[in-house]
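Printed here is structure_14.csv (CSV, C-alpha atoms and all ligand atoms):
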chain,number,residue,atom,x,y,z
A,1,MET,CA,10.7,-6.6,-29.5
A,2,ARG,CA,13.5,-8.1,-31.6
A,3,SER,CA,16.9,-6.9,-30.4
A,4,ASP,CA,20.0,-5.9,-32.3
A,5,PHE,CA,21.7,-8.9,-30.7
A,6,SER,CA,19.2,-11.4,-32.0
A,7,ARG,CA,19.4,-9.9,-35.5
A,8,ALA,CA,23.2,-9.9,-35.3
A,9,SER,CA,23.5,-13.5,-34.1
A,10,ARG,CA,21.0,-14.6,-36.8
A,11,ARG,CA,23.0,-12.9,-39.5
A,12,ALA,CA,26.2,-14.5,-38.0
A,13,ARG,CA,24.8,-17.9,-38.5
A,14,PHE,CA,24.0,-17.3,-42.2
A,15,PRO,CA,27.0,-16.7,-44.3
A,16,GLY,CA,26.4,-14.0,-46.9
A,17,GLY,CA,24.7,-11.7,-44.4
A,18,GLN,CA,26.3,-8.5,-43.3
A,19,VAL,CA,28.3,-10.2,-40.7
A,20,LEU,CA,31.3,-7.9,-40.6
A,21,SER,CA,29.3,-4.9,-39.8
A,22,THR,CA,28.0,-6.4,-36.6
A,23,ARG,CA,31.1,-8.4,-35.4
A,24,PRO,CA,33.5,-7.1,-32.8
A,25,PRO,CA,36.8,-6.3,-34.6
A,26,PHE,CA,38.8,-8.9,-32.6
A,27,LEU,CA,36.5,-11.8,-33.7
A,28,SER,CA,38.1,-12.5,-37.0
A,29,SER,CA,38.0,-16.3,-37.4
A,30,PRO,CA,35.0,-18.1,-39.1
A,31,GLU,CA,34.6,-20.3,-36.0
A,32,ALA,CA,34.2,-17.2,-33.8
A,33,VAL,CA,31.5,-15.9,-36.2
A,34,SER,CA,29.5,-19.1,-36.1
A,35,GLU,CA,28.9,-18.7,-32.3
A,36,PRO,CA,26.8,-16.0,-30.8
A,37,PHE,CA,29.0,-13.6,-28.9
A,38,LEU,CA,28.3,-11.6,-25.7
A,39,PRO,CA,25.9,-8.9,-26.6
A,40,SER,CA,27.6,-6.3,-24.5
A,41,LEU,CA,30.7,-6.6,-26.6
A,42,CYS,CA,29.1,-5.1,-29.7
A,43,THR,CA,25.7,-3.8,-28.7
A,44,ALA,CA,24.6,-1.2,-26.2
A,45,LEU,CA,23.2,-3.1,-23.3
A,46,GLY,CA,20.0,-1.1,-23.3
A,47,GLN,CA,19.2,-2.5,-26.8
A,48,VAL,CA,19.6,-6.1,-25.8
A,49,ASP,CA,16.7,-8.3,-25.1
A,50,LEU,CA,18.1,-10.7,-22.6
A,51,ASN,CA,14.7,-12.4,-22.0
A,52,GLU,CA,15.2,-11.9,-18.3
A,53,ARG,CA,12.3,-11.3,-16.0
A,54,ASN,CA,12.4,-8.0,-14.2
A,55,PRO,CA,11.8,-8.6,-10.4
A,56,HIS,CA,10.7,-4.9,-10.0
A,57,GLU,CA,7.7,-5.4,-12.4
A,58,ASP,CA,7.0,-9.0,-12.9
A,59,LYS,CA,4.2,-9.9,-10.5
A,60,GLU,CA,4.3,-13.6,-11.3
A,61,LEU,CA,8.1,-13.7,-10.6
A,62,GLN,CA,7.5,-11.9,-7.4
A,63,LYS,CA,4.7,-14.3,-6.5
A,64,ASP,CA,6.8,-17.4,-7.3
A,65,THR,CA,9.7,-16.1,-5.2
A,66,LEU,CA,7.5,-15.2,-2.3
A,67,VAL,CA,5.5,-18.4,-2.3
A,68,ARG,CA,8.8,-20.4,-2.4
A,69,TRP,CA,10.1,-18.4,0.6
A,70,LEU,CA,6.9,-18.7,2.6
A,71,ASP,CA,6.6,-22.4,1.9
A,72,ASN,CA,10.2,-23.0,2.9
A,73,ASN,CA,9.9,-21.0,6.1
A,74,GLY,CA,6.8,-22.4,7.8
A,75,HIS,CA,4.2,-20.0,6.3
A,76,SER,CA,2.3,-22.4,4.0
A,77,ALA,CA,-1.0,-20.8,4.9
A,78,ALA,CA,0.2,-17.4,3.8
A,79,ALA,CA,1.7,-18.9,0.6
A,80,SER,CA,-1.8,-20.4,-0.2
A,81,GLN,CA,-3.4,-17.0,0.4
A,82,LEU,CA,-1.0,-15.4,-2.1
A,83,LEU,CA,-1.7,-18.0,-4.7
A,84,ASP,CA,-5.5,-17.7,-4.2
A,85,CYS,CA,-5.5,-13.9,-4.0
A,86,GLY,CA,-8.2,-12.4,-6.3
A,87,ASN,CA,-9.3,-15.8,-7.6
A,88,SER,CA,-12.7,-15.9,-5.9
A,89,TYR,CA,-15.7,-13.6,-5.1
A,90,ALA,CA,-18.1,-13.1,-2.3
A,91,HIS,CA,-21.7,-13.3,-3.5
A,92,LEU,CA,-24.0,-10.9,-1.6
A,93,LYS,CA,-27.7,-10.5,-1.7
A,94,CYS,CA,-30.1,-8.0,0.0
A,95,SER,CA,-33.5,-9.1,1.4
A,96,LYS,CA,-35.2,-8.2,-1.8
A,97,GLY,CA,-32.9,-10.4,-3.9
A,98,HIS,CA,-30.6,-7.7,-5.4
A,99,GLU,CA,-27.1,-9.0,-5.9
A,100,LYS,CA,-23.5,-8.1,-6.1
A,101,VAL,CA,-20.2,-10.0,-6.2
A,102,THR,CA,-17.0,-8.6,-4.7
A,103,ARG,CA,-13.5,-10.0,-5.4
A,104,ILE,CA,-11.7,-11.4,-2.4
A,105,TYR,CA,-8.1,-10.4,-1.8
A,106,CYS,CA,-5.6,-11.7,0.7
A,107,ASP,CA,-4.8,-8.1,2.1
A,108,ASN,CA,-1.1,-9.0,2.7
A,109,GLU,CA,1.1,-6.0,2.1
A,110,PHE,CA,3.8,-8.2,0.6
A,111,CYS,CA,1.4,-9.7,-1.9
A,112,PRO,CA,2.3,-8.6,-5.4
A,113,THR,CA,-1.4,-7.6,-6.0
A,114,CYS,CA,-2.4,-6.2,-2.6
A,115,GLY,CA,0.9,-4.4,-2.1
A,116,GLN,CA,0.5,-2.2,-5.1
A,117,ILE,CA,-0.4,1.4,-5.0
A,118,ASP,CA,-4.2,1.7,-5.6
A,119,SER,CA,-4.8,-2.0,-4.9
A,120,ARG,CA,-8.2,-2.8,-3.5
A,121,ALA,CA,-6.6,-3.1,0.0
A,122,HIS,CA,-5.0,0.4,-0.4
A,123,LYS,CA,-8.3,1.9,-1.7
A,124,THR,CA,-10.2,0.4,1.3
A,125,ARG,CA,-7.8,1.9,3.8
A,126,SER,CA,-7.9,5.2,2.0
A,127,THR,CA,-11.7,5.3,1.8
A,128,ARG,CA,-12.0,4.7,5.6
A,129,GLY,CA,-9.3,7.4,6.1
A,130,TYR,CA,-11.3,9.9,4.0
A,131,ASP,CA,-14.3,9.4,6.3
A,132,ARG,CA,-12.4,10.2,9.4
A,133,LEU,CA,-10.1,12.9,8.1
A,134,LEU,CA,-11.2,14.6,4.9
A,135,TRP,CA,-13.8,16.9,6.6
A,136,ALA,CA,-11.0,18.8,8.3
A,137,PRO,CA,-10.1,22.1,6.8
A,138,ILE,CA,-6.4,21.3,7.2
A,139,LEU,CA,-4.5,18.1,7.9
A,140,GLY,CA,-1.3,18.3,10.0
A,141,TYR,CA,1.3,15.5,9.5
A,142,TYR,CA,4.1,14.5,11.7
A,143,VAL,CA,6.7,11.9,11.1
A,144,PHE,CA,8.6,10.6,14.2
A,145,THR,CA,11.7,8.6,13.4
A,146,LEU,CA,14.0,6.4,15.5
A,147,PRO,CA,17.8,6.2,15.6
A,148,ALA,CA,18.9,4.1,12.5
A,149,ASP,CA,20.0,1.0,14.5
A,150,ILE,CA,16.8,0.9,16.6
A,151,GLY,CA,14.6,1.6,13.5
A,152,ALA,CA,16.2,-1.4,11.8
A,153,SER,CA,15.7,-3.7,14.8
A,154,HIS,CA,12.9,-6.0,15.7
A,155,LEU,CA,10.8,-4.0,18.2
A,156,THR,CA,8.1,-5.9,20.0
A,157,ARG,CA,4.4,-5.2,19.6
A,158,GLU,CA,4.4,-3.7,23.0
A,159,GLN,CA,7.2,-1.4,22.2
A,160,LEU,CA,5.5,-0.4,18.9
A,161,ASN,CA,2.3,0.3,20.7
A,162,ILE,CA,3.9,2.5,23.3
A,163,LEU,CA,6.0,4.4,20.7
A,164,GLY,CA,3.0,5.0,18.4
A,165,LYS,CA,0.8,6.1,21.3
A,166,LYS,CA,3.5,8.4,22.6
A,167,ALA,CA,3.9,10.0,19.2
A,168,TYR,CA,0.2,10.8,19.2
A,169,LYS,CA,0.2,12.1,22.8
A,170,ILE,CA,3.0,14.5,22.2
A,171,VAL,CA,1.2,16.1,19.3
A,172,GLU,CA,-2.1,16.1,21.2
A,173,ASN,CA,-0.6,17.8,24.3
A,174,ILE,CA,1.3,20.5,22.4
A,175,LEU,CA,-1.0,21.3,19.5
A,176,LYS,CA,-4.2,20.5,21.4
A,177,ILE,CA,-5.6,18.3,18.7
A,178,ASP,CA,-8.8,16.2,19.2
A,179,GLY,CA,-7.6,13.0,17.7
A,180,ALA,CA,-5.4,11.4,15.0
A,181,MET,CA,-4.4,8.4,13.0
A,182,CYS,CA,-1.0,6.9,13.8
A,183,ARG,CA,0.4,4.5,11.2
A,184,THR,CA,3.6,2.7,11.7
A,185,HIS,CA,5.8,2.3,8.6
A,186,PHE,CA,8.3,-0.5,8.8
A,187,ALA,CA,10.6,0.7,6.0
A,188,GLY,CA,11.6,3.9,4.3
A,189,LYS,CA,12.8,4.4,0.7
A,190,LYS,CA,16.0,2.4,1.0
A,191,LEU,CA,15.7,-1.3,0.1
A,192,GLY,CA,17.1,-4.2,2.1
A,193,HIS,CA,16.5,-3.1,5.7
A,194,LEU,CA,13.8,-2.0,8.1
A,195,GLN,CA,13.4,1.7,9.0
A,196,ILE,CA,10.5,1.8,11.5
A,197,HIS,CA,8.9,5.2,11.9
A,198,PHE,CA,5.6,6.7,13.1
A,199,ASN,CA,3.2,8.8,11.0
A,200,VAL,CA,0.7,11.0,12.8
A,201,LEU,CA,-2.0,12.5,10.6
A,202,PHE,CA,-4.6,14.7,12.3
A,203,PRO,CA,-7.2,17.5,11.7
A,204,LEU,CA,-5.5,20.7,12.6
A,205,LEU,CA,-7.9,23.1,14.2
A,206,GLY,CA,-7.4,26.4,15.8
A,207,THR,CA,-4.2,27.5,14.1
A,208,ASN,CA,-3.8,30.4,11.8
A,209,GLY,CA,-6.0,28.7,9.2
A,210,LEU,CA,-3.0,28.0,6.9
A,211,GLY,CA,-1.6,24.9,8.6
A,212,VAL,CA,1.6,26.7,9.8
A,213,ILE,CA,2.4,26.0,13.5
A,214,THR,CA,4.7,28.1,15.6
A,215,ALA,CA,8.4,27.5,15.8
A,216,GLY,CA,8.0,27.1,19.6
A,217,ALA,CA,5.5,24.2,19.1
A,218,ARG,CA,7.7,22.5,16.6
A,219,ASP,CA,10.7,22.7,19.0
A,220,SER,CA,8.6,21.5,21.9
A,221,ILE,CA,7.4,18.4,19.9
A,222,ARG,CA,11.0,17.6,18.8
A,223,GLN,CA,12.3,17.9,22.3
A,224,ALA,CA,9.5,15.8,23.8
A,225,TRP,CA,10.2,13.0,21.3
A,226,THR,CA,13.9,13.1,21.9
A,227,ALA,CA,13.4,13.1,25.7
A,228,PHE,CA,11.1,10.1,25.4
A,229,ILE,CA,13.4,8.1,23.1
A,230,ASN,CA,16.3,8.8,25.4
A,231,GLU,CA,14.3,7.5,28.4
A,232,PHE,CA,12.7,4.6,26.6
A,233,PHE,CA,15.9,3.2,25.1
A,234,SER,CA,18.4,4.6,27.7
A,235,LEU,CA,20.2,6.9,25.3
A,236,SER,CA,21.5,10.4,25.5
A,237,LEU,CA,20.7,11.8,22.0
A,238,LYS,CA,20.7,15.6,21.6
A,239,GLU,CA,18.2,15.4,18.7
A,240,THR,CA,15.9,13.1,16.9
A,241,ASP,CA,14.6,13.4,13.3
A,242,VAL,CA,11.0,14.7,13.5
A,243,SER,CA,9.4,16.4,10.6
A,244,TYR,CA,6.1,18.4,10.1
A,245,SER,CA,4.1,19.2,7.0
A,246,PHE,CA,0.4,20.0,6.3
A,247,ALA,CA,-2.2,19.6,3.6
A,248,PRO,CA,-4.5,22.7,3.2
A,249,THR,CA,-6.5,21.7,0.1
A,250,GLN,CA,-8.8,18.9,-0.8
A,251,VAL,CA,-6.4,17.4,-3.4
A,252,LYS,CA,-3.4,17.6,-1.0
A,253,LYS,CA,-5.5,16.1,1.8
A,254,ILE,CA,-6.5,13.2,-0.4
A,255,ASN,CA,-2.9,12.7,-1.5
A,256,LYS,CA,-1.6,12.8,2.1
A,257,ILE,CA,-4.2,10.2,3.3
A,258,LYS,CA,-3.3,7.9,0.4
A,259,TYR,CA,0.4,8.5,1.0
A,260,VAL,CA,0.3,7.6,4.7
A,261,LEU,CA,-1.9,4.6,4.1
A,262,ARG,CA,0.1,3.3,1.1
A,263,PRO,CA,1.7,-0.2,1.1
A,264,ILE,CA,5.2,0.0,2.5
A,265,VAL,CA,6.7,-3.5,2.7
A,266,ASP,CA,5.4,-4.5,-0.7
A,267,ALA,CA,6.5,-7.6,-2.6
A,268,PHE,CA,9.7,-6.2,-3.9
A,269,MET,CA,10.7,-4.6,-0.6
A,270,PHE,CA,9.9,-7.9,1.2
A,271,MET,CA,12.2,-9.8,-1.2
A,272,THR,CA,15.1,-7.5,-0.5
A,273,LEU,CA,14.9,-8.0,3.3
A,274,SER,CA,17.0,-10.6,5.2
A,275,ASP,CA,15.3,-13.8,6.3
A,276,GLU,CA,15.3,-12.5,9.9
A,277,ASP,CA,13.6,-9.3,8.8
A,278,LYS,CA,11.1,-11.2,6.7
A,279,ALA,CA,10.3,-13.4,9.7
A,280,TYR,CA,9.8,-10.3,11.8
A,281,VAL,CA,7.4,-8.8,9.3
A,282,MET,CA,5.5,-12.0,9.2
A,283,SER,CA,5.3,-12.1,13.0
A,284,LEU,CA,3.4,-8.7,12.9
A,285,ARG,CA,0.8,-9.6,10.3
A,286,LYS,CA,-2.1,-9.6,12.8
A,287,TRP,CA,-0.9,-6.5,14.5
A,288,HIS,CA,-2.7,-3.3,13.6
A,289,ASN,CA,-0.2,-0.8,12.2
A,290,THR,CA,-2.9,1.8,11.8
A,291,ARG,CA,-4.4,3.0,15.0
A,292,TRP,CA,-6.8,5.9,15.8
A,293,PHE,CA,-6.6,8.0,18.9
A,294,GLY,CA,-8.6,10.6,20.8
A,295,LYS,CA,-12.0,11.5,19.5
A,296,LEU,CA,-11.2,9.8,16.2
A,297,SER,CA,-10.8,6.4,18.0
A,298,ASN,CA,-13.0,3.5,16.9
A,299,ALA,CA,-15.3,4.0,19.8
A,300,LEU,CA,-15.8,7.7,19.5
A,301,TYR,CA,-15.3,8.9,16.0
A,302,LYS,CA,-18.9,8.5,14.7
A,303,LYS,CA,-20.4,10.5,17.6
A,304,TYR,CA,-17.7,13.1,17.2
A,305,LEU,CA,-18.2,13.6,13.5
A,306,ILE,CA,-22.1,13.5,13.7
A,307,GLU,CA,-21.8,16.4,16.3
A,308,LYS,CA,-19.9,18.3,13.7
A,309,GLY,CA,-22.5,17.7,11.1
A,310,VAL,CA,-20.2,15.3,9.2
A,311,ASP,CA,-21.5,12.0,7.8
A,312,PRO,CA,-19.0,9.5,9.3
A,313,VAL,CA,-19.5,6.8,6.7
A,314,LYS,CA,-20.1,8.8,3.5
A,315,PHE,CA,-17.1,7.6,1.5
A,316,GLU,CA,-17.6,4.0,2.6
A,317,ARG,CA,-21.3,4.0,1.7
A,318,ASP,CA,-20.5,5.6,-1.7
A,319,ASP,CA,-17.9,2.9,-2.5
A,320,PRO,CA,-19.8,0.1,-4.3
A,321,TYR,CA,-17.3,-2.5,-3.1
A,322,LEU,CA,-17.5,-1.6,0.6
A,323,SER,CA,-21.1,-0.4,0.9
A,324,ASN,CA,-23.3,-3.0,2.6
A,325,VAL,CA,-26.5,-1.2,1.7
A,326,CYS,CA,-28.5,-2.0,-1.4
A,327,PRO,CA,-28.9,1.1,-3.5
A,328,VAL,CA,-32.2,-0.1,-4.9
A,329,CYS,CA,-34.2,-0.9,-1.8
A,330,GLY,CA,-32.0,0.3,1.1
A,331,THR,CA,-31.8,-3.1,2.9
A,332,ARG,CA,-28.5,-4.7,3.9
A,333,PHE,CA,-26.5,-6.9,1.7
A,334,ARG,CA,-25.9,-10.3,3.3
A,335,PHE,CA,-23.1,-12.8,2.5
A,336,VAL,CA,-24.4,-15.8,0.6
A,337,GLU,CA,-21.4,-17.9,-0.6
A,338,ILE,CA,-18.0,-17.8,-2.1
A,339,LEU,CA,-17.8,-18.3,-5.8
A,340,ARG,CA,-15.0,-19.0,-8.2
A,341,LYS,CA,-14.9,-16.7,-11.2
A,342,ALA,CA,-16.1,-19.5,-13.5
A,343,ASP,CA,-19.1,-20.2,-11.4
A,344,ILE,CA,-20.6,-16.7,-11.7
A,345,LEU,CA,-23.3,-16.1,-14.2
A,346,TRP,CA,-21.7,-13.0,-15.6
A,347,GLN,CA,-24.5,-12.2,-18.0
A,348,ARG,CA,-26.6,-11.2,-14.9
A,349,PHE,CA,-24.0,-8.7,-13.8
A,350,ARG,CA,-22.4,-5.5,-14.8
A,351,ARG,CA,-18.8,-4.7,-13.7
A,352,ILE,CA,-18.2,-1.5,-11.9
A,353,ASP,CA,-14.5,-2.1,-11.9
A,354,ARG,CA,-12.2,-5.1,-11.6
A,355,ASP,CA,-13.3,-5.8,-8.0
A,356,VAL,CA,-17.1,-5.5,-8.0
A,357,ALA,CA,-20.0,-6.4,-10.2
A,358,VAL,CA,-23.7,-5.8,-9.5
A,359,ASP,CA,-26.9,-7.0,-11.0
A,360,LEU,CA,-28.7,-4.9,-13.6
A,361,GLU,CA,-31.1,-3.3,-11.2
A,362,VAL,CA,-28.4,-2.3,-8.8
A,363,PHE,CA,-26.3,-1.0,-11.7
A,364,ALA,CA,-29.2,1.2,-12.9
A,365,ALA,CA,-29.7,2.6,-9.3
A,366,LEU,CA,-26.0,3.4,-9.0
A,367,LYS,CA,-26.1,5.1,-12.4
A,368,THR,CA,-29.0,7.3,-11.4
A,369,LYS,CA,-27.3,8.1,-8.1
A,370,ALA,CA,-24.1,9.1,-9.9
A,371,ALA,CA,-26.0,11.3,-12.4
A,372,ALA,CA,-27.7,13.1,-9.5
A,373,CYS,CA,-24.4,14.0,-7.9
C,401,ZN,ZN,-3.2,-10.3,-2.1
C,402,ZN,ZN,-32.1,-4.5,-2.6

The structure in this file should be written as structure tokens.
Ligand SMILES: [Zn+2]
Ligand SMILES: [Zn+2]
Amino acid sequence: MRSDFSRASRRARFPGGQVLSTRPPFLSSPEAVSEPFLPSLCTALGQVDLNERNPHEDKELQKDTLVRWLDNNGHSAAASQLLDCGNSYAHLKCSKGHEKVTRIYCDNEFCPTCGQIDSRAHKTRSTRGYDRLLWAPILGYYVFTLPADIGASHLTREQLNILGKKAYKIVENILKIDGAMCRTHFAGKKLGHLQIHFNVLFPLLGTNGLGVITAGARDSIRQAWTAFINEFFSLSLKETDVSYSFAPTQVKKINKIKYVLRPIVDAFMFMTLSDEDKAYVMSLRKWHNTRWFGKLSNALYKKYLIEKGVDPVKFERDDPYLSNVCPVCGTRFRFVEILRKADILWQRFRRIDRDVAVDLEVFAALKTKAAAC
């Protein structure tokens, strides 16, 4: 879009134009008119096209900045992952020869692509969350915070493990829940520093059916967390910040799962952190910040859900990207090779979305299945 400033400066360079109407009153000499002047002196800043890249929105600028930082700080492999993210595909085939190709992402939360809301990485986390949680009539949700200076510090993996497990255990003991997901968020809404806190999301069974829990239970949970934090960090706090909410409808449950599983230290947040904080986030890349406890743990959840009559992999199986079962013949898709986009014979495939394409037979089977739902 052409700005008022660019129009004004062009007119200023061509005598005979309506120069006076766009010049600041104090620029009276012809010399002054012949040079472009600062746009903010005569034009509202919002109307000025400064040709600057916006680091909030410009993914390429974010990638350039991140790759430079990673390369300069001993993380060249991660830099390469970012540069290659989304550029290649996994080619899969079932035993009867039906095919699909799925786009490969780096899955780093600070990646400008993977760290977006509704990125493939976010969708994958959410889909698996739906399978373990969405069957519940109500989801309860607790957030356990830490004192600000501790929440901004570099807690070890062991400390994070203990704190996350304790957050779950407190809810389990007081609300008598069967299991939960505990996800550690490393930052809050404020940019520039860490704010570690623990999210516990769980099926809430056996309450009044609305999701409301008693004031006594809420007090007990807050007191238990405060007592534990005091003991663990040798403090004498009177209170800690602990909050409770719940999701009683399908739409609210879906939103809650997506919210808890959303990317937190995304590309922009990462860039605002100090070098020390960035290094800390990098050091925790292989650490699992989403953990499942109780009967929803990895070892037990399938049995637990099947006993309840719930299909434990329904959402994963219905996701054409994640499903490893061929919808035409029912056999498993097997990995064949990695292909670059240019190497794929696209005329043999139909795209389901930007991340997955299937051959024509698989596409027809998925269409029939969708129509039957
Ligand atoms: Zn990525
Ligand atoms: Zn097949």

*With all atoms listed in the file counted, collect every polymer residue having an atom within 8 Å of ligand ZN 402 (chain C); state the result as number ranges by chain.*
A: 93-99, 325-333, 362

Site check for ligand ZN 401 (chain C): residues at most 7 Å away, all atoms listed in the file, as an mmCIF file with C-alpha atoms, in the coordinates of the input:
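Result went into pocket_37.cif, see below:
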data_model
loop_
_atom_site.group_PDB
_atom_site.id
_atom_site.type_symbol
_atom_site.label_atom_id
_atom_site.label_comp_id
_atom_site.auth_asym_id
_atom_site.auth_seq_id
_atom_site.Cartn_x
_atom_site.Cartn_y
_atom_site.Cartn_z
ATOM 1 C CA LEU A 82 -1.000 -15.400 -2.100
ATOM 2 C CA CYS A 85 -5.500 -13.900 -4.000
ATOM 3 C CA GLY A 86 -8.200 -12.400 -6.300
ATOM 4 C CA TYR A 105 -8.100 -10.400 -1.800
ATOM 5 C CA CYS A 106 -5.600 -11.700 0.700
ATOM 6 C CA ASP A 107 -4.800 -8.100 2.100
ATOM 7 C CA ASN A 108 -1.100 -9.000 2.700
ATOM 8 C CA CYS A 111 1.400 -9.700 -1.900
ATOM 9 C CA PRO A 112 2.300 -8.600 -5.400
ATOM 10 C CA THR A 113 -1.400 -7.600 -6.000
ATOM 11 C CA CYS A 114 -2.400 -6.200 -2.600
#

*Could you tell me which of A:Leu133, A:Ser119, A:Lys253, A:Leu175 comes closest to Gly216 in chain A if we count all atoms listed in the file?*
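Once distances to Gly216 in chain A are computed over all atoms listed in the file, the minimum belongs to A:Leu175.
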
_Straight-line distance linking CA of Tyr280 in chain A with CA of Leu235 in chain A, stated in Å to one decimal_ = 24.2 Å

*Separation of CA of Ile306 in chain A and CA of Lys165 in chain A, in Å?*
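Between CA of Ile306 in chain A and CA of Lys165 in chain A the gap is 25.2 Å.
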
*Of the candidates A:Val67, A:Leu194, A:Leu261, A:Ala224, which one gets nearest to Tyr168 in chain A if we count only C-alpha atoms?*
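Comparing A:Val67, A:Leu194, A:Leu261, A:Ala224 against Tyr168 in chain A, the winner is A:Ala224.
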
*asked:* Given all atoms listed in the file as the basis, pick out the residue of A:Val313, A:His154, A:Ala136, A:Ala187 nearest to Leu204 in chain A.
replied: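 Comparing A:Val313, A:His154, A:Ala136, A:Ala187 against Leu204 in chain A, the winner is A:Ala136.
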
*Using all atoms listed in the file, determine which residues lie at most 10 Å from Tyr304 in chain A, disregarding the query and same-chain residues fewer than 6 positions distant; provide the list as a list of chain:residue names.*
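Returned residues: A:Arg132, A:Asp178, A:Lys295, A:Leu296, A:Ser297, A:Val310, A:Pro312.
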
*asked:* Restricting the calculation to only C-alpha atoms: of A:Ile138, A:Leu61, A:Leu70, A:Ala180, which residue gets closest to Tyr301 in chain A?
replied: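 Counting only C-alpha atoms, the residue closest to Tyr301 in chain A is A:Ala180.
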
*asked:* Using all atoms listed in the file - which residues lie no farther than 10 Å from the point (10.7, 3.9, 7.5) in the file's frame? Write them as a ChimeraX atom specification.
replied: /A:143-146,148,151-152,184-190,193-199,264-265

Could you write those residues out with C-alpha atoms, as a PDB file, in the coordinates of the input?
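Printed below is part11.pdb as written:
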ATOM      1  CA  VAL A 143       6.700  11.900  11.100  1.00  0.00           C
ATOM      2  CA  PHE A 144       8.600  10.600  14.200  1.00  0.00           C
ATOM      3  CA  THR A 145      11.700   8.600  13.400  1.00  0.00           C
ATOM      4  CA  LEU A 146      14.000   6.400  15.500  1.00  0.00           C
ATOM      5  CA  ALA A 148      18.900   4.100  12.500  1.00  0.00           C
ATOM      6  CA  GLY A 151      14.600   1.600  13.500  1.00  0.00           C
ATOM      7  CA  ALA A 152      16.200  -1.400  11.800  1.00  0.00           C
ATOM      8  CA  THR A 184       3.600   2.700  11.700  1.00  0.00           C
ATOM      9  CA  HIS A 185       5.800   2.300   8.600  1.00  0.00           C
ATOM     10  CA  PHE A 186       8.300  -0.500   8.800  1.00  0.00           C
ATOM     11  CA  ALA A 187      10.600   0.700   6.000  1.00  0.00           C
ATOM     12  CA  GLY A 188      11.600   3.900   4.300  1.00  0.00           C
ATOM     13  CA  LYS A 189      12.800   4.400   0.700  1.00  0.00           C
ATOM     14  CA  LYS A 190      16.000   2.400   1.000  1.00  0.00           C
ATOM     15  CA  HIS A 193      16.500  -3.100   5.700  1.00  0.00           C
ATOM     16  CA  LEU A 194      13.800  -2.000   8.100  1.00  0.00           C
ATOM     17  CA  GLN A 195      13.400   1.700   9.000  1.00  0.00           C
ATOM     18  CA  ILE A 196      10.500   1.800  11.500  1.00  0.00           C
ATOM     19  CA  HIS A 197       8.900   5.200  11.900  1.00  0.00           C
ATOM     20  CA  PHE A 198       5.600   6.700  13.100  1.00  0.00           C
ATOM     21  CA  ASN A 199       3.200   8.800  11.000  1.00  0.00           C
ATOM     22  CA  ILE A 264       5.200   0.000   2.500  1.00  0.00           C
ATOM     23  CA  VAL A 265       6.700  -3.500   2.700  1.00  0.00           C
TER      24      VAL A 265
END

*Given only C-alpha atoms as the counted atoms, nearest of A:His75, A:Arg103, A:Arg334, A:His288 to Arg354 in chain A*: A:Arg103

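The coordinates place CA of Ala342 in chain A at 25.7 Å from CA of Lys123 in chain A.
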
*Which residue out of A:Asp359, A:Asn73, A:Tyr259, A:Leu366 has the minimum interatomic distance to Leu345 in chain A when all atoms listed in the file are used?*
A:Asp359

*Can you list, as a ChimeraX atom specification, every protein, DNA or RNA residue that comes within 12 Å of Ala217 in chain A when you count only C-alpha atoms, leaving out same-chain residues fewer than 2 positions away?*
/A:170-176,207,212-215,219-224,244
